[in-house]
Structures are given as C-alpha cells and as structure tokens.
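Below: the structure, in structure tokens.
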Amino acid sequence: MPVVSLAKIAASPALAAGDFTVRVPCIYGKRLVSSRVSFGHSRRRSSVSQRVRSELQSPRVLGSVTDLSLDNSVENGHHLPKGDSWAVHKFGGTCVGNSERIKDVAGVVINDESSRKLVVVSAMAKVTDMMYDLIHRAQSRDDSYLSALDAVLEKHRATALELLDGDELASFSARLHNDINNLKAMLRAIYIAGHATESFSDFVVGHGELWSAQMLAAVVRKSGLDCTWMDARDVLVVVPTSSNQVDPDFAESEKRLEKWFSLNSSSKVIIATGFIASTPQNIPTTLKRDGSDFSAAIMGALFRSHQLTIWTDVDGVYSADPRKVSDAVILKSLSYQEAWEMSYFGANVLHPRTIIPVMKYDIPIVIRNIFNLSAPGTMICRQIEDEGGYKLDAPVKGFATIDNLALVNVEGTGMAGVPGTASAIFSAVKEVGANVIMISQASSEHSVCFAVPEKEVKAVSEALNSRFRQALAGGRLSQIEIIPNCSILAAVGQKMASTPGVSATFFNALAKANINIRAIAQGCSEFNITVVVKREDCIRALRAVHSRFYLSRTTLAMGIIGPGLIGGTLLDQIRDQAAVLKEEFKIDLRVIGITGSSKMLLSESGIDLSRWRELMKEEGESANIEKFTQYVKGNHFIPNSVMVDCTAEAGIASCYYDWLLRGIHVVTPNKKANSGPLDQYLKIRDLQRKSYTHYFYEATVGAGLPIISTLRGLLETGDKILRIEGIFSGTLSYLFNNFVGTRSFSDVVAEAKQAGFTEPDPRDDLSGTDVARKVTILARESGLKLDLDSLPVQSLVPKPLQACASAEEFMQKLPQFDEELSKQRQEAEAAGEVLRYVGVVDAVAKKGTVELKRYKKDHPFAQLSGADNIIAFTTKRYKEQPLIVRGPGAGAQVTAGGIFSDILRLAFYLGAPS
C-alpha cells in the first residue's frame with residue numbers, strides 16, 4: 001500500500017481514490033515524526049472523514065524517537081548553576097508585537113547587568129488568536145484557513161526581514177517555511193476530519209512562541225552576546241488535570257533542564273518559549289490561555305533566579321481596574337497573598353497560578369512597563385509587617401471585581417443543626433462541574449448562599465432542585481433562590497487584619513453610594529472582604545470604595561455646558577491644573593459630562609481632558625439636557641455635583657432653579673438668569689438662601705475681575721452703595737481707547753473684529769445690551785429691583801443698519817455713519833475730554849443707565865488701555881474717593897479663569913482645606 005505525505009494531500013483539491021496512508025505530523029521534542037492514518041477506497045467523503053477523525057483522536061506513533069533531553073546525556077560536567085546569578089524576564093505579546101518592539105525587548109535584555117539571563121517570550125500580539133482561528137476554520141471546513149495561514153506566514157516573514165539578515169535570516173526563513181508547510185498539512189487533516197483533539201490544537205497554537213523566541217534570540221546575538229533559544233517543550237513537563245489546567249512536574253522538568261543545559265552551557269542568555277510545554281508522554285501541550293506568565297514563574301523556580309520581571313504595557317499593578325476607575329494608582333508593592341487574592345478576584349495582575357512557583361523560593365516578581373522604562377513598576381514579594389522588613393502603607397491595597405455571576409441562596413429552617421447539608425449542596429454543584437466563586441453562610445445555618453458564573457447557574461439550579469426535591473416538598477427547605485445579574489467586589493490588603501475599622505469604612509462608603517449588598521464573605525485571614533452587589537451597581541460600588549480609601553479629597557462631579565471658546569478654555573485650564581489641585585489642595589475635579597447644543601459626552605469615571613475634543617467627535621451622543629442633568633446628579637458615589645453653564649442661552653439659565661432644587665450647585669458666566677425676568681431672579685436667590693446648594697456667578701460681570709465679590713463684601717460689612725459706574729465691556733473699551741486722532745470709528749471696529757475682540761456680529765457689542773445686563777445684575781445685587789427692559793440704553797448701531805441681513809452687510813455700510821461719532825469725538829477733544837461707553841447704577845435714584853459719556857483726560861476712565869474694564873464703587877465709606885477695580889474684563893482666558901475661581905471657591909465651601 002503506497003505511503004504519501006500529508007503535505008502532498010493538503011496541496012491536492014480532493015482525496016485521491018484508492019488505498020493510501022497519511023502521515024500526520026507531530027513534534028516530540030524538537031523532531032517531526034508521523035502517525036499513519038490509513039484510508040481504504042471509498043466514494044463517500046464522510047467515511048474518509050470519520051476515519052481521519054478517529055485517527056486524529058488517537059494517533060499512533062510509529063518507530064522510536066530519540067529525545068535528546070532525556071536519553072542523550074552528555075557527560076561533560078556542565079551542571080546548571082542555579083541561584084542569584086540568573087534573572088528571568090517575561091515579555092508578553094504586546095511587547096513583541098512588531099519589529100521595533102522586538103528591538104526594544106532586545107535592548108532591555110542586553111542592558112540587564114545580570115550575569116545570566118533567561119527570557120520567556122509570548123507569541124507576537126494577536127498571533128495566538130490567529131492560530132486558534134486557523135483551527136476553528138479548518139474544523140468548520142472553511143477553505144479560508146489557507147489564506148489565514150498565509151497571513152500568519154507574511155506577518156512573521158515581514159518581521160524577520162526587518163530584523164535579520166544574512167545567515168540568521170536564511171536560517172529563520174527556512175524554519176518558518178518548514179513549520180508553515182507542516183501546519184498546512186496538519187490543518188488539512190483537521191479540515192478533512194472536521195475535528196481536532198486538544199493535543200493537535202496545542203501543537204498548532206504553540207508555533208507563535210517558537211517563532212518569536214527565534215527572532216528575539218537572533219536579534220540579541222547581533223549585539224555580540226552568546227544567546228540561544230529554548231523550545232520549552234524540551235524542558236517543561238506538565239500534567240494535564242481535569243479542570244482545564246496543568247500542574248508542573250518540577251522533578252522531571254529539573255532533570256530535563258539539567259540535560260538541556262549540558263548541551264547549551266556556553267550561553268549566558270537563553271530565550272525560552274512561553275505558553276508551551278510537554279506532557280510526561282512527550283505530547284506537545286500548552287499552559288492554557290494566558291499561560292506565559294505561569295511558564296516564566298516555573299522557569300524562575302527551576303533556575304532559582306534572584307528576580308522574575310514580567311514586562312507588559314502598563315506601569316505596574318493598579319489599585320483597581322483603570323478602565324473602571326480613572327484615578328486608580330500604581331501600587332509600589334504587594335505581598336504574594338495580596339497579589340494572589342487580586343488575581344483570583346479578576347484583577348489583571350498575573351495569571352492566577354503564577355505566584356505559586358516563586359513563593360516557595362521567595363523570588364520577587366516585578367511588573368514593569370516595556371514602553372515606560374523610567375517607571376519602577378510593582379514588586380510582589382514576601383512582606384513581613386513591622387519586623388524590620390517592608391511596612392505596609394495602607395490597610396487596603398486594591399479592589400477587584402468579578403462580573404456575570406448569579407447568587408444561589410438555599411434556605412430553610414430544616415437546615416439548622418442537620419449535619420451534611422452543606423456537603424450535599426456542594427456535592428450537587430460539583431457534579432455539574434460548576435465553579436463556586438464565593439460562599440456565605442449564616443451562623444444559624446438557616447441559609448447558605450454562594451456565587452457561581454451566570455452561564456452555569458441553570459445547571460446548578462436543576463441539580464439542587466433534583467437533589468433536594470423531598471426536602472422542598474416536606475418544607476425542610478423553603479426555597480432555592482437564584483439571584484441573577486450579580487457582581488463580586490473584593491477589597492484586598494494584608495494589613496486589614498491588624499487595622500480596626502476597615503470593614504466599617506468599606507461598608508460606609510457603599511452605603512453613601514446607595515449600594516445594596518446582597519451577600520458578604522470575609523475569611524479569618526482578613527486578607528479580603530468580599531461583597532455581592534447588583535451588576536449595574538458594580539462600577540459605582542468599586543469607585544465609591546476606591547474613592548474612600550485612596551482619595552481623601554473634596555471631589556466634585558462636574559457637568560460642563562457649552563464647550564465653545566470660554567467652555568473649552570475652562571476645560572483646558574482644569575486639565576492643566578488638575579494634578580496640582582489633587583496633590584496640593586486636595587481637590588478632585590471630575591468632569592463627567594460635556595454638552596453642546598447638538599452633542600454631549602458622558603463618562604462616569606471622568607472625561608480625559610487631554611482628548612476631550614477628539615472624544616466629543618468620536619463618542620459624543622445626541623445632546624439632551626434632561627439626560628445630562630440626570631447623569632451628573634446620578635453619580636451617587638460623589639456626593640457633590642455642579643453644573644457649569646458656559647453658554648449665553650436663556651433656555652439653559654431657566655434650568656438653574658430646578659438644578660438647585662435637586663441639590664446641584666451652579667457656576668456660570670451666563671448673564672441671562674440674573675438679568676432676566678425679575679421674578680425668576682428672586683426665586684433663584686430665595687432658594688439659594690434656604691438650601692445648602694451654592695450659586696456662583698462672579699464671571700457674569702467683569703469676567704475674571706472680582707466685581708460681584710467686591711460688591712458683596714461692601715454690603716456684608718455694612719457699607720451702603722451710592723453709585724456704581726464703569727466701563728463693563730472689553731470690546732467697547734478697546735474701541736474707544738483706539739478711536740483717536742483721524743481714525744474713523746468703522747476702521748476701529750473692523751480692526752477689532754479682525755483681531756477677534758468683537759462678537760462675530762459686532763452689533764451684539766455695539767447695541768449695549770451686554771452692558772445693560774451687567775448693570776441690571778449689579779443693580780439687583782445692590783438691592784434694586786430693576787428690569788432689563790426698563791433700562792435706558794444708548795445703542796451705537798445706527799438705526800438704518802439694525803436690520804442688516806448679515807454682519808458683512810453691516811460692516812460694508814458702517815462707514816456711511818462715521819461722521820456723527822467723529823463729530824462727537826472732535827467736540828470732546830476740543831474740551832479736553834474723551835468718549836467712553838459706560839454703565840451706571842444710581843442706587844440713590846434707584847435707576848440705571850447705559851450711554852456714551854465724556855470724561856476729563858485726568859479721570860481714571862480716560863486712562864484705560866487695550867480692552868481693560870474699570871468699575872468705580874461710590875459708597876458711604878468710599879464717597880470722596882471711589883473704590884476702583886480695574887483689569888482685563890474680556891477674553892476667553894480671563895473669563896474662564898473667573899469661572900474656575902468660582903469652582904474652587906465652591907470646593908472650599910464644601911470642605912476642601914483652604
């Protein structure tokens with residue numbers, strides 16, 4: 001009977017007729033061997049597929065294979081020197097994601113001053129997923145597995161071309177193409193059978209590590225270091241278990257390592273494959289998903305290294321998932337127990353089993369960022385509290401969550417005092433293979449509840465109802481209750497055991513965030529406190545407890561309305577000052593919402609203000625002011641919320657009363673509320689006085705100048721306002737400061753518009769309405785009940801031009817009306833005076849005016865420059881010499897600065913240290 005290679009059949013579009021034998025490739029050690037799969041003549045492809053499937057499930061190995069690591073012991077006296085001379089590094093897929101990153105990894109390895117180095121590498125980023133996809137396509141009999149395999153080849157071929165040359169490139173390319181041909185043959189067999197055993201799948205997916213290890217070793221050799229690569233399947237021996245895990249066989253692995261090293265003793269640098277290993281029968285296997293960390297820890301234990309450094313793309317271990325808690329901090333150190341607890345409860349720290357091999361030899365693990373070498377990372381080691389070693393600095397080190405759980409509650413009076421009830425419950429759970437995440441039992445034994453993955457709860461429920469059918473019918477058990485949509489929140493810390501009040505603080509933080517706890521568990525070691533909450537409350541709960549233990553700051557949840565020129569400038573100012581406010585002033589400003597007229601951006605954890613414009617475009621949703629309000633106020637774990645209205649919209653100002661009524665503080669430069677209908681203004685002020693909410697609006701008059709606060713200071717100290725007179729418009733100040741000599745007024749307006757000192761339509765400034773609003777606000781602050789509509793305002797817009805259809809038309813026609821203002825200026829100059837556009841509050845006559853007036857050249861109003869504002873307070877105390885406030889009164893920077901000042905004033909009122 002003829003024998004043909006599987007590679008040849010893989011290249012054929014269909015199986016040839018007649019009897020033949022297929023050689024299925026398997027790698028044992030480093031050698032390719034084959035299993036014969038025989039086929040008889042058949043016209044039905046299904047029968048052939050069944051035969052292939054049968055052989056793939058239990059391949060027969062023909063002939064003997066000499067495993068160098070087992071049988072060819074080299075008696076040359078080169079024993080593996082274990083101990084502190086070795087440093088072990090592990091680089092994940094992200095670290096070796098492309099040629100540049102592989103060069104960076106090589107640089108780290110080369111610059112490590114340890115005398116001997118072992119480096120464990122994962123496959124290039126996404127390659128393992130690509131390999132699993134190949135198997136899936138082949139099993140599904142999808143011909144596209146061939147093009148997908150070509151993509152794998154091209155990815156590594158292109159990377160090798162960028163990294164290697166000469167003999168190194170030729171050697172790697174030959175191995176790569178040979179591996180691809182073997183994979184093609186293997187996948188063809190899987191394609192025919194429509195099935196792949198676990199060992200065949202492990203063989204396929206492990207190739208990514210083989211290729212990345214070889215490329216990295218070649219790059220390190222280019223620097224002149226003696227470097228070799230290790231196929232970990234020659235050394236690591238693991239025993240598969242029934243729970244989709246493997247247990248390392250350290251004794252056998254040490255024997256194989258000694259023999260491997262006897263053949264490679266000259267190498268000071270070893271690049272080893274992560275993730276892959278062999279069974280005691282020499283069948284290729286893996287350490288399962290995310291097993292590279294585990295393999296690095298096993299290697300660290302085998303070599304007794306002085307340190308295991310795990311390189312990743314984050315600066316270390318965070319106090320909580322930074323995707324859920326934006327202010328999570330990098331932990332400088334963790335004990336082995338703390339790291340284990342956080343790993344178990346879902347924190348992205350390490351593979352959960354990574355810690356076990358290194359704990360035995362007290363080998364510290366350091367988590368570092370390959371993209372930020374200046375960051376020291378997080379050290380995981382044995383920590384002895386207060387005994388001359390490392391002293392823990394916080395009772396709670398971190399928080400972790402597990403989602404998509406269901407709570408199973410078994411309760412009944414018949415359970416109390418009945419031996420074996422708990423055993424019967426968990427025996428039933430074990431029989432269906434469910435994983436129990438957490439257990440909580442009342443001391444009365446009246447109820448037992450436990451958490452299981454939601455996907456397993458149906459089988460658990462059926463098993464329990466079947467096991468306890470009689471107890472339920474007889475009333476000994478009252479119910480087996482399933483509570484879906486749950487999450488676990490765990491607080492982890494070694495010092496929790498010796499610090500009173502940790503639990504009280506933890507539960508108090510949850511209570512203030514309005515989080516309902518369904519179940520509680522705490523081990524006697526007190527390394528963790530675990531609670532079960534509703535899934536929708538999980539992130540809020542996580543942030544609430546994290547804020548309580550890590551942020552002793554006054555925290556404000558902020559909604560910014562109107563991200564235009566002023567609002568955008570404010571956001572940039574907050575971004576630039578945020579770190580200083582947190583560290584020096586204990587103020588944490590969280591902008592959780594930004595909304596414009598058409599789009600809004602929301603984020604519970606706080607918007608990244610370095611990218612808010614980009615995020616607004618990419619992730620913004622349709623604006624809805626009611627939804628926006630509910631979102632800002634609905635952030636229960638931050639007790640203080642504030643709306644910052646940076647618009648000039650009357651519609652937004654009409655929301656102030658409702659916001660204050662709902663306990664939302666308001667900060668704004670919007671003049672519409674305070675200069676709008678008098679009854680609305682009085683209603684807001686009355687509510688403000690009766691409630692604990694704050695309403696700050698310093699920037700409504702004078703931008704960043706302290707006009708409102710100065711006025712209030714005078715009134716609160718018993719002074720009496722007689723007159724307030726000022727140049728309140730930076731635009732109009734600029735116009736009349738530059739309307740001198742022979743210049744026409746229209747030329748000055750055109751210059752100011754070009755420089756951005758006016759509104760897009762200069763009529764908005766020249767009408768005097770803005771000044772009138774400021775006069776109305778100051779009059780009301782002084783105790784006068786003035787309405788904007790009753791205020792006489794002299795407009796500088798010629799009547800014939802008020803109806804112009806556009807700003808452009810207005811600017812074209814404005815020169816026709818220069819003569820009148822030029823005449824007024826000449827008359828003033830002849831009298832030794834200047835023209836100034838002012839607003840006046842006459843508190844004695846209880847009226848206000850806005851008009852163009854003349855002042856002597858020695859008057860303070862005549863000595864302004866640029867766009868400065870100036871306000872003179874004539875009071876009972878300052879009657880002979882008015883109190884003058886002068887400075888920039890316009891511009892985005894100063895206006896935003898005024899709003900920012902109000903926000904900080906609010907924070908101080910709410911408890912921030914001043």
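Identifiers in this document derive from the order of the structure tokens: chains are assigned A, B, ..., residues are numbered from 1 separately in each chain, and ligands are numbered from 1 in order of occurrence.
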Would you give me, as CSV, each residue of region 493-584 of chain A having an atom within 12 Å of an atom of region 369-383 of chain A, along with its shortest atom pair and that distance in Å to one decimal, using only C-alpha atoms and sorting by chain and residue number?
```
residue,atom,partner,partner_atom,distance
A:Gly493,CA,A:Gln383,CA,11.7
A:Gln494,CA,A:Gln383,CA,9.0
A:Lys495,CA,A:Gln383,CA,10.6
```
Would you output that residue set with N, CA and C atoms, as a compact mmCIF listing (two decimals), in the first residue's frame?
```
# COMPACT_ATOMS: atom_id res chain seq x y z
N GLY A 493 -6.09 43.42 51.14
CA GLY A 493 -4.99 44.08 51.85
C GLY A 493 -4.50 43.25 53.01
N GLN A 494 -3.18 43.09 53.11
CA GLN A 494 -2.63 42.27 54.17
C GLN A 494 -2.79 42.93 55.54
N LYS A 495 -2.79 44.26 55.58
CA LYS A 495 -2.85 44.97 56.85
C LYS A 495 -4.28 45.10 57.38
```
Original post:
Any idea what's packed within 9 Å of Leu183 (chain A), counting only C-alpha atoms, ignoring anything in its chain fewer than 3 positions away? Could you give it as a ChimeraX atom specification?
Top reply: /A:7,25,149,178-180,186-188,204
Save the residues we just selected, N, CA and C atoms, as a short mmCIF file (atom, residue, chain, number, x, y, z; two decimals), in the first residue's frame?
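Below is the file that was written, selection-v6.cif:
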```
data_model
loop_
_atom_site.label_atom_id
_atom_site.label_comp_id
_atom_site.auth_asym_id
_atom_site.auth_seq_id
_atom_site.Cartn_x
_atom_site.Cartn_y
_atom_site.Cartn_z
N ALA A 7 1.38 16.66 3.46
CA ALA A 7 1.59 17.92 2.76
C ALA A 7 1.17 17.80 1.30
N PRO A 25 1.76 14.85 11.04
CA PRO A 25 2.97 15.29 11.74
C PRO A 25 2.69 15.61 13.20
N LEU A 149 -3.61 31.25 7.06
CA LEU A 149 -2.26 30.76 7.34
C LEU A 149 -1.22 31.57 6.58
N ASN A 178 9.27 25.72 6.73
CA ASN A 178 9.08 24.31 7.07
C ASN A 178 7.92 24.15 8.05
N ASP A 179 7.88 25.03 9.06
CA ASP A 179 6.79 24.99 10.04
C ASP A 179 5.44 25.24 9.36
N ILE A 180 5.41 26.21 8.46
CA ILE A 180 4.15 26.54 7.78
C ILE A 180 3.67 25.35 6.94
N MET A 186 -1.14 19.65 8.73
CA MET A 186 -1.93 19.36 9.91
C MET A 186 -3.34 19.92 9.76
N LEU A 187 -3.44 21.16 9.31
CA LEU A 187 -4.75 21.79 9.16
C LEU A 187 -5.58 21.10 8.08
N ARG A 188 -4.91 20.59 7.05
CA ARG A 188 -5.63 19.85 6.01
C ARG A 188 -6.27 18.60 6.60
N VAL A 204 -0.64 23.22 17.16
CA VAL A 204 -0.78 24.32 16.18
C VAL A 204 -0.57 25.68 16.86
#
```
Subject >> All residues 8 Å or closer to region 733-738 of chain A, only C-alpha atoms, same chain fewer than 5 positions away omitted, as a list in words >> reply: Ile727, Phe728, Phe745, Val748, Val749, Ala752, Leu835, Arg836, Tyr837, Leu864, Ser865, Gly866, Ala867, Asp868 and Asn869 of chain A
Take the selection from the previous step and output its residues with N, CA and C atoms, as a compact mmCIF listing (two decimals), in the first residue's frame.
```txt
# COMPACT_ATOMS: atom_id res chain seq x y z
N ILE A 727 -16.84 100.96 32.95
CA ILE A 727 -16.73 100.51 31.57
C ILE A 727 -16.71 98.99 31.66
N PHE A 728 -17.83 98.37 31.33
CA PHE A 728 -18.04 96.95 31.58
C PHE A 728 -17.75 96.06 30.38
N PHE A 745 -14.45 105.57 13.08
CA PHE A 745 -14.98 104.57 14.00
C PHE A 745 -15.12 103.21 13.29
N VAL A 748 -11.85 101.34 13.25
CA VAL A 748 -11.51 100.75 14.55
C VAL A 748 -12.33 99.48 14.78
N VAL A 749 -13.63 99.53 14.39
CA VAL A 749 -14.48 98.35 14.55
C VAL A 749 -13.96 97.20 13.68
N ALA A 752 -10.91 95.71 15.30
CA ALA A 752 -11.26 94.92 16.47
C ALA A 752 -11.87 93.58 16.06
N LEU A 835 -14.24 110.15 24.89
CA LEU A 835 -15.52 109.43 24.87
C LEU A 835 -15.35 108.04 25.52
N ARG A 836 -16.30 107.66 26.35
CA ARG A 836 -16.29 106.34 26.96
C ARG A 836 -17.73 105.83 27.05
N TYR A 837 -17.87 104.51 26.77
CA TYR A 837 -19.20 103.90 26.83
C TYR A 837 -19.34 103.24 28.19
N LEU A 864 -7.56 104.34 30.52
CA LEU A 864 -7.54 102.92 30.21
C LEU A 864 -6.72 102.64 28.96
N SER A 865 -6.31 101.38 28.82
CA SER A 865 -5.62 100.96 27.60
C SER A 865 -6.13 99.57 27.22
N GLY A 866 -5.98 99.23 25.95
CA GLY A 866 -6.38 97.93 25.49
C GLY A 866 -7.86 97.67 25.70
N ALA A 867 -8.16 96.50 26.23
CA ALA A 867 -9.56 96.11 26.43
C ALA A 867 -9.90 96.04 27.92
N ASP A 868 -9.20 96.81 28.74
CA ASP A 868 -9.43 96.78 30.18
C ASP A 868 -10.82 97.27 30.55
N ASN A 869 -11.31 96.70 31.64
CA ASN A 869 -12.54 97.20 32.27
C ASN A 869 -12.15 98.00 33.50
```
Original post:
CA of Ser265 (chain A) and CA of Arg101 (chain A), how far apart in Å?
Top reply: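 Distance between the two atoms: 28.2 Å.
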Original post:
Given the choices A:Val775, A:Ala463, A:Leu821, A:Met496, which gets closest to Asn674 (chain A) if the distance is worked out from only C-alpha atoms?
Top reply: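 Distance minimum relative to Asn674 (chain A) lands on A:Val775.
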Original post:
So how far away is CA of Leu134 (chain A) from CA of Ser147 (chain A), in Å?
Top reply: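 Spanning CA of Ser147 (chain A) to CA of Leu134 (chain A) is a straight-line distance of 9.6 Å.
Backbone DSSP over region 125-238 of chain A yields strand (DSSP E or B) at Cys227, Thr228, Trp229, Met230, Val237 and Val238 of chain A.
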**OP:** Using DSSP on the backbone coordinates, identify all residues within region 52-193 of chain A classified as helix (DSSP H, G or I); present the result as a ChimeraX atom specification.
**Re:** /A:52-57,68-71,99-111,127-139,145-163,166-193
Original post:
What is the CA of Val452 (chain A)-CA of Phe399 (chain A) distance in Å, reported with one decimal?
Top reply: 19.7 Å
Original post:
Which neighbours of Arg137 (chain A) fall inside 12 Å, counting only C-alpha atoms, when residues of the same chain fewer than 6 positions from it are skipped, and could you give them as a list in words?
Top reply: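 Counting only C-alpha atoms, the residues come to Met130, Met131, Asp143, Ser144, Tyr145, Leu146, Ser147, Ala148, Leu149, Leu187, Arg188, Ile190, Tyr191, Ile192, Gly194, His195 and Ala196 of chain A.
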Subject >> Long-range neighbours of Tyr695 (chain A) as a list in words, 7 Å cut-off, only C-alpha atoms, 6 positions minimum in chain >> reply: His665, Val666, Val667 and Gln688 of chain A
Subject >> Nearest to Tyr878 (chain A), chosen from A:Arg763, A:Gly433, A:Asp719, A:Lys753, with only C-alpha atoms counted in the distances >> reply: A:Asp719
Original post:
Could you pull the residues within 8 Å of Phe873 (chain A), counting only C-alpha atoms, minus those fewer than 5 positions along the same chain, as JSON, numbers by chain?
Top reply: {"A": [721, 722, 723, 724, 725, 878, 882, 883, 884]}
Residue neighbourhood region 226-235 of chain A, 8 Å, only C-alpha atoms, exclusion window fewer than 4 positions, as a PDB file with C-alpha atoms, in the first residue's frame:
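Saved file around03.pdb follows:
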```pdb
ATOM      1  CA  GLY A  29      10.988  17.101  21.498  1.00  0.00           C
ATOM      2  CA  LYS A  30      12.314  19.045  18.529  1.00  0.00           C
ATOM      3  CA  SER A  69      16.650  15.958  26.577  1.00  0.00           C
ATOM      4  CA  LEU A 210       8.620  29.281  18.646  1.00  0.00           C
ATOM      5  CA  ALA A 213      11.755  33.257  20.519  1.00  0.00           C
ATOM      6  CA  GLN A 214      13.931  32.502  17.492  1.00  0.00           C
ATOM      7  CA  ALA A 217      17.461  35.297  20.039  1.00  0.00           C
ATOM      8  CA  ALA A 218      18.848  36.260  16.627  1.00  0.00           C
ATOM      9  CA  VAL A 220      20.277  39.560  20.736  1.00  0.00           C
ATOM     10  CA  ARG A 221      23.078  37.654  19.007  1.00  0.00           C
ATOM     11  CA  SER A 253      11.439  19.359  34.498  1.00  0.00           C
ATOM     12  CA  GLU A 254      14.608  19.858  36.557  1.00  0.00           C
ATOM     13  CA  ARG A 256      15.345  17.762  31.577  1.00  0.00           C
ATOM     14  CA  LEU A 257      16.660  21.259  32.245  1.00  0.00           C
ATOM     15  CA  TRP A 260      19.318  20.664  28.112  1.00  0.00           C
ATOM     16  CA  ASN A 264      23.930  24.699  25.846  1.00  0.00           C
ATOM     17  CA  SER A 266      28.050  28.339  26.959  1.00  0.00           C
ATOM     18  CA  SER A 267      25.035  30.594  26.559  1.00  0.00           C
ATOM     19  CA  LYS A 268      24.716  33.451  29.026  1.00  0.00           C
ATOM     20  CA  VAL A 269      21.371  34.440  27.539  1.00  0.00           C
ATOM     21  CA  ILE A 270      18.568  31.963  26.913  1.00  0.00           C
ATOM     22  CA  ILE A 271      15.397  32.926  25.057  1.00  0.00           C
ATOM     23  CA  ALA A 272      12.685  30.442  26.017  1.00  0.00           C
ATOM     24  CA  THR A 273       9.225  29.945  24.621  1.00  0.00           C
ATOM     25  CA  GLY A 274       6.369  30.730  26.950  1.00  0.00           C
ATOM     26  CA  ILE A 276       4.068  25.686  25.599  1.00  0.00           C
ATOM     27  CA  ALA A 277       5.251  22.520  27.341  1.00  0.00           C
ATOM     28  CA  SER A 278       5.104  18.726  27.044  1.00  0.00           C
ATOM     29  CA  PRO A 284       3.043  18.848  22.958  1.00  0.00           C
TER      30      PRO A 284
END
```
